[in-house]
$ cat target_38.cif   # mmCIF, C-alpha atoms and all ligand atoms
data_my_file
loop_
_atom_site.label_atom_id
_atom_site.label_comp_id
_atom_site.auth_asym_id
_atom_site.auth_seq_id
_atom_site.Cartn_x
_atom_site.Cartn_y
_atom_site.Cartn_z
CA MET A 1 0.00 0.00 0.00
CA THR A 2 1.33 3.47 -0.81
CA ARG A 3 1.93 5.69 2.16
CA ALA A 4 0.26 9.07 2.39
CA THR A 5 2.54 12.10 2.29
CA VAL A 6 2.36 14.77 4.97
CA LEU A 7 4.09 18.12 5.36
CA VAL A 8 5.36 19.38 8.69
CA ALA A 9 5.37 23.07 7.87
CA ARG A 10 7.61 24.26 10.73
CA PRO A 11 10.60 22.78 12.58
CA VAL A 12 9.14 20.60 15.36
CA PHE A 13 10.61 18.27 18.02
CA CYS A 14 12.29 15.43 16.04
CA ASP A 15 10.93 12.59 18.16
CA ILE A 16 7.39 13.88 17.62
CA VAL A 17 7.90 14.11 13.86
CA ASP A 18 9.21 10.52 14.04
CA ARG A 19 5.71 9.47 15.12
CA LEU A 20 4.54 10.65 11.70
CA ARG A 21 7.46 8.96 9.90
CA GLU A 22 6.30 5.58 11.25
CA ARG A 23 3.13 5.91 9.18
CA PHE A 24 3.62 8.46 6.44
CA ASP A 25 6.14 9.85 4.00
CA VAL A 26 7.10 13.06 5.75
CA ARG A 27 8.28 16.30 4.19
CA THR A 28 9.68 18.88 6.57
CA HIS A 29 10.43 22.57 6.39
CA ASP A 30 13.52 23.01 8.51
CA ALA A 31 14.21 26.73 8.26
CA ASP A 32 13.14 29.04 11.09
CA ALA A 33 11.26 31.41 8.81
CA PRO A 34 7.83 30.20 7.77
CA LEU A 35 7.13 29.26 4.17
CA SER A 36 5.65 32.00 2.02
CA GLN A 37 2.18 31.25 0.68
CA PRO A 38 3.47 30.16 -2.79
CA GLU A 39 6.16 28.03 -1.09
CA LEU A 40 3.57 26.44 1.18
CA ILE A 41 1.36 25.61 -1.79
CA ALA A 42 4.34 24.15 -3.67
CA ALA A 43 5.44 22.08 -0.67
CA LEU A 44 1.91 20.73 -0.24
CA GLN A 45 1.63 19.29 -3.74
CA GLY A 46 0.67 15.63 -3.36
CA CYS A 47 0.26 15.91 0.41
CA ALA A 48 -2.75 14.40 2.16
CA GLY A 49 -2.04 16.11 5.46
CA VAL A 50 -0.28 19.09 6.91
CA PHE A 51 0.98 19.90 10.39
CA ILE A 52 0.83 23.65 10.93
CA THR A 53 1.07 26.25 13.69
CA GLY A 54 -0.92 29.42 14.20
CA THR A 55 1.15 31.11 11.48
CA GLU A 56 0.40 29.24 8.25
CA LYS A 57 -2.61 30.54 6.34
CA ILE A 58 -5.01 27.91 5.04
CA ASP A 59 -7.53 29.60 2.77
CA ALA A 60 -9.71 28.78 -0.21
CA VAL A 61 -6.95 29.66 -2.69
CA LEU A 62 -4.54 27.23 -1.03
CA LEU A 63 -7.19 24.53 -0.82
CA GLY A 64 -7.99 24.96 -4.53
CA ALA A 65 -4.31 24.58 -5.36
CA CYS A 66 -3.84 21.51 -3.14
CA PRO A 67 -6.70 19.17 -4.13
CA GLN A 68 -5.15 16.13 -2.44
CA LEU A 69 -5.24 17.72 1.00
CA GLU A 70 -7.44 15.80 3.44
CA ALA A 71 -6.33 17.03 6.87
CA VAL A 72 -5.04 20.30 8.31
CA CYS A 73 -3.79 19.80 11.87
CA SER A 74 -2.64 22.80 13.87
CA MET A 75 -0.72 22.77 17.14
CA ALA A 76 -2.35 26.10 18.09
CA VAL A 77 -5.65 26.51 19.85
CA GLY A 78 -6.50 29.70 17.95
CA TYR A 79 -7.48 29.02 14.35
CA ASN A 80 -8.13 32.42 12.82
CA ASN A 81 -5.45 31.49 10.24
CA ILE A 82 -7.64 28.68 8.88
CA ASP A 83 -10.78 29.10 6.78
CA VAL A 84 -12.68 26.26 8.45
CA PRO A 85 -15.88 26.60 6.36
CA ALA A 86 -13.80 26.42 3.16
CA CYS A 87 -12.07 23.28 4.48
CA THR A 88 -15.40 21.73 5.44
CA ALA A 89 -16.84 22.48 2.00
CA ARG A 90 -13.91 20.58 0.44
CA GLY A 91 -14.08 17.70 2.93
CA VAL A 92 -10.80 18.66 4.60
CA VAL A 93 -10.63 17.82 8.31
CA VAL A 94 -9.36 20.66 10.50
CA THR A 95 -8.04 20.18 14.02
CA ASN A 96 -6.65 22.57 16.63
CA ALA A 97 -5.04 21.98 20.03
CA PRO A 98 -7.34 23.03 22.87
CA GLY A 99 -6.81 22.11 26.50
CA VAL A 100 -3.13 21.18 26.52
CA LEU A 101 -1.90 24.79 26.68
CA THR A 102 -4.50 26.24 29.05
CA GLU A 103 -2.52 26.37 32.31
CA THR A 104 0.79 27.38 30.71
CA THR A 105 -0.88 30.18 28.80
CA ALA A 106 -2.75 31.32 31.91
CA ASP A 107 0.56 31.34 33.86
CA PHE A 108 2.05 33.60 31.22
CA GLY A 109 -0.98 35.88 31.00
CA PHE A 110 -0.87 36.34 34.75
CA ALA A 111 2.88 36.93 34.70
CA LEU A 112 2.55 39.50 31.91
CA MET A 113 -0.25 41.25 33.78
CA MET A 114 1.89 41.35 36.93
CA ALA A 115 4.97 42.53 35.02
CA THR A 116 2.85 45.30 33.52
CA ALA A 117 1.26 46.38 36.80
CA ARG A 118 4.58 46.34 38.68
CA ARG A 119 6.64 47.91 35.84
CA LEU A 120 9.06 44.99 35.69
CA ALA A 121 10.40 45.47 32.16
CA GLU A 122 10.79 49.21 32.48
CA SER A 123 12.70 48.92 35.75
CA GLU A 124 14.92 46.15 34.40
CA ARG A 125 15.85 48.25 31.38
CA PHE A 126 16.67 51.15 33.74
CA LEU A 127 19.01 48.95 35.79
CA ARG A 128 20.74 47.35 32.79
CA GLU A 129 21.28 50.76 31.23
CA GLY A 130 23.27 51.80 34.33
CA ARG A 131 20.77 54.48 35.28
CA TRP A 132 20.24 53.28 38.90
CA LYS A 133 22.15 55.85 40.96
CA HIS A 134 20.09 55.85 44.17
CA TRP A 135 16.92 54.36 45.62
CA GLY A 136 13.75 56.48 45.53
CA VAL A 137 10.44 56.30 47.36
CA ASP A 138 8.33 56.38 44.19
CA MET A 139 10.87 54.63 41.98
CA PHE A 140 8.87 52.45 39.59
CA ALA A 141 5.87 52.48 41.91
CA GLY A 142 3.02 50.77 40.05
CA GLY A 143 -0.40 49.35 40.85
CA ASP A 144 -1.19 46.48 43.18
CA VAL A 145 -2.33 43.16 41.82
CA HIS A 146 -3.58 41.51 45.03
CA GLY A 147 -7.04 42.68 46.01
CA ALA A 148 -7.52 44.55 42.71
CA THR A 149 -10.29 43.95 40.17
CA LEU A 150 -9.21 41.54 37.47
CA GLY A 151 -11.20 42.05 34.27
CA ILE A 152 -11.23 39.16 31.84
CA LEU A 153 -12.44 39.61 28.28
CA GLY A 154 -13.27 36.16 26.90
CA MET A 155 -14.04 33.51 29.49
CA GLY A 156 -13.11 30.23 27.84
CA ARG A 157 -10.67 27.72 29.28
CA ILE A 158 -7.75 30.15 29.49
CA GLY A 159 -9.88 32.98 30.88
CA GLN A 160 -11.17 30.70 33.62
CA ALA A 161 -7.64 29.51 34.44
CA ILE A 162 -6.54 33.14 34.82
CA ALA A 163 -9.60 33.85 36.97
CA ARG A 164 -8.66 30.94 39.27
CA ARG A 165 -5.20 32.39 39.74
CA GLY A 166 -6.55 35.85 40.54
CA HIS A 167 -9.35 34.69 42.80
CA GLY A 168 -7.61 31.88 44.64
CA GLY A 169 -4.05 33.16 44.69
CA PHE A 170 -4.26 36.94 44.83
CA ASP A 171 -7.62 37.65 46.45
CA MET A 172 -8.71 39.59 43.36
CA LYS A 173 -12.28 40.47 42.49
CA VAL A 174 -12.94 38.83 39.13
CA ALA A 175 -15.21 40.45 36.55
CA TYR A 176 -15.61 39.17 33.01
CA HIS A 177 -17.33 39.70 29.72
CA ASN A 178 -18.18 36.84 27.40
CA ARG A 179 -20.90 36.32 24.82
CA SER A 180 -22.57 33.83 27.14
CA PRO A 181 -22.24 34.01 30.92
CA LEU A 182 -20.84 30.97 32.74
CA ALA A 183 -23.10 28.64 34.71
CA PRO A 184 -23.70 30.06 38.21
CA ASP A 185 -21.77 27.23 39.93
CA VAL A 186 -18.74 27.82 37.68
CA GLU A 187 -18.94 31.57 38.33
CA ALA A 188 -19.07 30.90 42.07
CA SER A 189 -16.07 28.54 41.95
CA ILE A 190 -13.86 31.26 40.47
CA GLY A 191 -15.57 34.20 42.16
CA ALA A 192 -16.46 35.74 38.79
CA THR A 193 -19.18 38.24 37.91
CA TRP A 194 -20.42 38.78 34.32
CA MET A 195 -20.55 42.40 33.15
CA SER A 196 -21.35 44.18 29.90
CA LEU A 197 -18.17 45.21 28.07
CA PRO A 198 -18.48 48.91 29.00
CA ASP A 199 -19.04 48.01 32.67
CA LEU A 200 -16.07 45.65 32.60
CA LEU A 201 -13.84 48.34 31.12
CA ARG A 202 -14.91 50.81 33.81
CA ALA A 203 -14.44 48.30 36.64
CA ALA A 204 -11.16 46.60 35.75
CA ASP A 205 -7.88 47.52 37.43
CA HIS A 206 -6.17 44.95 35.24
CA LEU A 207 -7.85 43.86 32.01
CA VAL A 208 -6.66 40.60 30.43
CA ILE A 209 -7.81 39.81 26.90
CA VAL A 210 -8.23 36.16 25.95
CA THR A 211 -11.05 36.24 23.45
CA PRO A 212 -10.65 34.47 20.07
CA TYR A 213 -10.02 36.68 17.04
CA THR A 214 -13.00 36.67 14.67
CA PRO A 215 -14.59 39.29 12.41
CA GLN A 216 -16.82 40.12 15.41
CA THR A 217 -13.88 40.73 17.77
CA HIS A 218 -11.77 42.77 15.29
CA HIS A 219 -10.80 45.99 17.11
CA LEU A 220 -13.16 45.14 19.95
CA ILE A 221 -10.88 47.36 22.02
CA GLY A 222 -10.30 50.72 20.34
CA ALA A 223 -10.11 54.36 21.35
CA GLY A 224 -13.71 54.49 22.58
CA GLN A 225 -13.28 51.45 24.82
CA LEU A 226 -9.90 52.54 26.17
CA ALA A 227 -11.44 55.88 27.12
CA LEU A 228 -13.79 54.04 29.50
CA MET A 229 -10.90 52.51 31.46
CA LYS A 230 -9.34 53.93 34.64
CA PRO A 231 -6.17 55.99 34.15
CA THR A 232 -4.51 53.62 36.62
CA ALA A 233 -5.63 50.49 34.75
CA THR A 234 -3.49 48.06 32.76
CA LEU A 235 -4.38 46.06 29.66
CA THR A 236 -2.80 42.70 28.83
CA ASN A 237 -3.40 41.03 25.46
CA ILE A 238 -2.51 37.34 25.05
CA ALA A 239 -5.30 36.61 22.55
CA ARG A 240 -4.51 37.81 19.04
CA GLY A 241 -3.36 41.01 17.47
CA GLY A 242 -6.41 42.58 15.89
CA VAL A 243 -8.67 42.21 18.93
CA VAL A 244 -7.00 45.42 20.10
CA ASP A 245 -6.50 48.42 17.80
CA ASP A 246 -2.75 48.76 18.43
CA ALA A 247 -2.56 52.33 17.10
CA ALA A 248 -5.37 53.43 19.41
CA LEU A 249 -3.68 51.63 22.30
CA ALA A 250 -0.36 53.34 21.64
CA SER A 251 -2.10 56.73 21.64
CA ALA A 252 -3.95 55.89 24.87
CA LEU A 253 -0.70 54.80 26.55
CA ALA A 254 1.09 57.94 25.41
CA ALA A 255 -1.76 60.15 26.61
CA GLY A 256 -2.09 58.44 30.00
CA THR A 257 -5.64 57.27 29.27
CA ILE A 258 -4.53 53.98 30.85
CA ALA A 259 -1.37 53.31 32.86
CA ALA A 260 0.34 50.47 31.00
CA ALA A 261 -0.04 47.50 28.69
CA GLY A 262 1.42 44.01 28.40
CA LEU A 263 1.33 42.64 24.87
CA ASP A 264 2.24 39.16 23.66
CA VAL A 265 0.37 39.50 20.35
CA PHE A 266 0.27 42.26 17.74
CA GLU A 267 -1.53 43.32 14.62
CA GLY A 268 0.74 42.34 11.72
CA GLU A 269 3.19 40.44 13.96
CA PRO A 270 6.14 39.90 13.89
CA THR A 271 6.14 43.57 12.93
CA VAL A 272 5.38 45.74 15.96
CA LEU A 273 4.03 49.26 15.67
CA PRO A 274 6.98 51.69 16.17
CA GLU A 275 4.77 53.82 18.43
CA LEU A 276 4.45 50.88 20.83
CA LEU A 277 8.17 50.14 20.73
CA ALA A 278 8.88 53.73 21.72
CA LEU A 279 6.72 53.69 24.85
CA ARG A 280 8.18 53.06 28.31
CA ASN A 281 4.90 51.80 29.84
CA VAL A 282 4.45 48.69 27.74
CA VAL A 283 5.83 45.19 28.24
CA LEU A 284 6.34 43.42 24.90
CA THR A 285 6.89 39.71 24.30
CA PRO A 286 7.00 37.79 20.99
CA HIS A 287 3.85 35.60 21.13
CA ILE A 288 5.23 33.14 23.69
CA ALA A 289 2.31 32.62 26.09
CA SER A 290 2.21 28.86 25.48
CA ALA A 291 5.99 28.49 25.30
CA SER A 292 6.96 26.03 28.00
CA VAL A 293 8.80 22.96 26.72
CA PRO A 294 6.29 20.43 28.11
CA THR A 295 3.34 22.38 26.72
CA ARG A 296 4.84 22.95 23.28
CA ARG A 297 5.52 19.20 23.19
CA ALA A 298 1.94 18.43 24.26
CA MET A 299 0.59 20.78 21.57
CA ALA A 300 2.74 19.14 18.88
CA ASN A 301 1.83 15.64 20.05
CA LEU A 302 -1.87 16.50 19.94
CA ALA A 303 -1.53 17.79 16.37
CA VAL A 304 0.23 14.53 15.45
CA ASP A 305 -2.49 12.45 17.16
CA ASN A 306 -5.03 14.36 15.11
CA LEU A 307 -3.12 13.94 11.85
CA ILE A 308 -2.64 10.21 12.34
CA ALA A 309 -6.32 9.70 13.20
CA ALA A 310 -7.55 11.86 10.32
CA LEU A 311 -5.50 9.99 7.73
CA THR A 312 -5.98 6.45 9.06
CA GLY A 313 -9.76 6.38 9.43
CA GLY A 314 -9.77 7.19 13.14
CA THR A 315 -11.52 9.93 15.05
CA PRO A 316 -9.30 12.98 15.48
CA PRO A 317 -9.46 13.94 19.19
CA THR A 318 -9.98 17.64 18.63
CA ALA A 319 -11.57 18.20 15.22
CA LEU A 320 -13.12 21.60 14.51
CA ASN A 321 -15.32 20.12 11.79
CA PRO A 322 -16.00 16.55 13.01
CA GLU A 323 -18.86 16.30 10.49
CA VAL A 324 -16.22 15.88 7.77
CA CYS A 325 -14.83 12.74 9.43
CA LYS A 326 -18.28 11.14 9.43
CA ARG A 327 -18.81 11.59 5.69
C1 LIG A 401 0.84 29.23 19.63
C2 LIG A 401 -1.30 30.41 20.23
O1 LIG A 401 2.08 29.09 20.19
O2 LIG A 401 -2.26 28.29 20.42
C3 LIG A 401 -2.40 29.45 20.08
O3 LIG A 401 -3.48 29.86 19.58
O4 LIG A 401 -1.46 31.57 20.06
C4 LIG A 401 0.03 29.94 20.66
O5 LIG A 401 -0.13 29.07 21.73
C5 LIG A 401 0.99 29.91 18.31
O6 LIG A 401 -0.21 30.12 17.68
C6 LIG A 401 1.88 29.07 17.41
O7 LIG A 401 1.26 27.91 16.98
#
$ encode --input "target_38.cif" --output "structure tokens"
Amino acid sequence: MTRATVLVARPVFCDIVDRLRERFDVRTHDADAPLSQPELIAALQGCAGVFITGTEKIDAVLLGACPQLEAVCSMAVGYNNIDVPACTARGVVVTNAPGVLTETTADFGFALMMATARRLAESERFLREGRWKHWGVDMFAGGDVHGATLGILGMGRIGQAIARRGHGGFDMKVAYHNRSPLAPDVEASIGATWMSLPDLLRAADHLVIVTPYTPQTHHLIGAGQLALMKPTATLTNIARGGVVDDAALASALAAGTIAAAGLDVFEGEPTVLPELLALRNVVLTPHIASASVPTRRAMANLAVDNLIAALTGGTPPTALNPEVCKR
């Protein structure tokens, strides 16, 4: 029997790729930089499956150019880079990687929020630059995290994990906005109260954004929303660039509309708006919220589980369009 061919579109842990080699002919892309769209299409010729990350764009044009493609398996939980309806229409199974990165991503979101509130990056730069000449009473004085109001925008798995940290570990009041409120018992377990978005923005001392990026959440936070926030408030975005209007955020940070921001994701990343780079009151990280070694391995293994199942007649554990597998 001929073996199916799969493409692993980014460099991934060798032993995890070996799991694919046991069953398929495997093509790899070993350079750090992602494939361009024409390169991705060329590399996919003849492939039945592809292992991707949150970076590779799977759209109708690519699908039309790669008619043998049967499965698109991403190691990311966010899938705004994949046109799922177009895949479903062509009978292509799509899988993402929910669950395995929840706690690691929540750890990072909390850390970024704390770093932002307590001015960690700014003070470290000051020290490294040799500018620390004497101690001062208000030197890098920021806002408190414990006892403050934690605002969470998007209350899925990661939002709830952040809420648990704030409620259980830091005695924070937890407020959230989500399309649908949580069940009362879940709300009670994490001490969370649902609010409208404007009320959440007014109430939050520290706003953490974890909502998926969709056409409906594009620029959900812009100038008008930032204007509702407290001048002492911080904003942390670990969701996707595009949920926040970065230009409006940079203006708000420069004007003192809010105190500070922690950003792990950016519109147009890896390019970062120069106005953001120039600000002192922003902590910037390169989309690493899920980057612990065990979690990145778990994400990659889940994508491989999905790819193997999708191409061998099994049930992919985390399909986004399971109806395709049943056809
Ligand atoms: C990924 C993420 O590391 O899973 C997601 O949605 O944003 C990150 O955890 C990134 O997308 C690369 O795959």
$ closest_residue --input "target_38.cif" --among "A:Gly136, A:Gly262, A:Gly256, A:Gly49" --to "Ala310 in chain A" --atoms "only C-alpha atoms"
A:Gly49
$ residues_near_ligand --input "target_38.cif" --ligand "ligand LIG 401 (chain A)" --cutoff "8 Å" --atoms "only C-alpha atoms and all ligand atoms" --output "NGL selection string"
:A and (52-55 or 74-79 or 97-98 or 101 or 105 or 238-240 or 287-291 or 296)
$ closest_residue --input "target_38.cif" --among "A:Asp18, A:Glu187, A:Glu122, A:Asp138" --to "Gly159 in chain A" --atoms "only C-alpha atoms"
A:Glu187
$ closest_residue --input "target_38.cif" --among "A:Phe24, A:Phe51, A:Phe140, A:Trp135" --to "Pro11 in chain A" --atoms "all atoms listed in the file"
A:Phe51
$ residues_around --input "target_38.cif" --residues "Val8 in chain A" --least-positions-apart "2" --cutoff "7 Å" --atoms "all atoms listed in the file" --output "PyMOL selection string"
chain A and resi 6+10+27-29+50-52
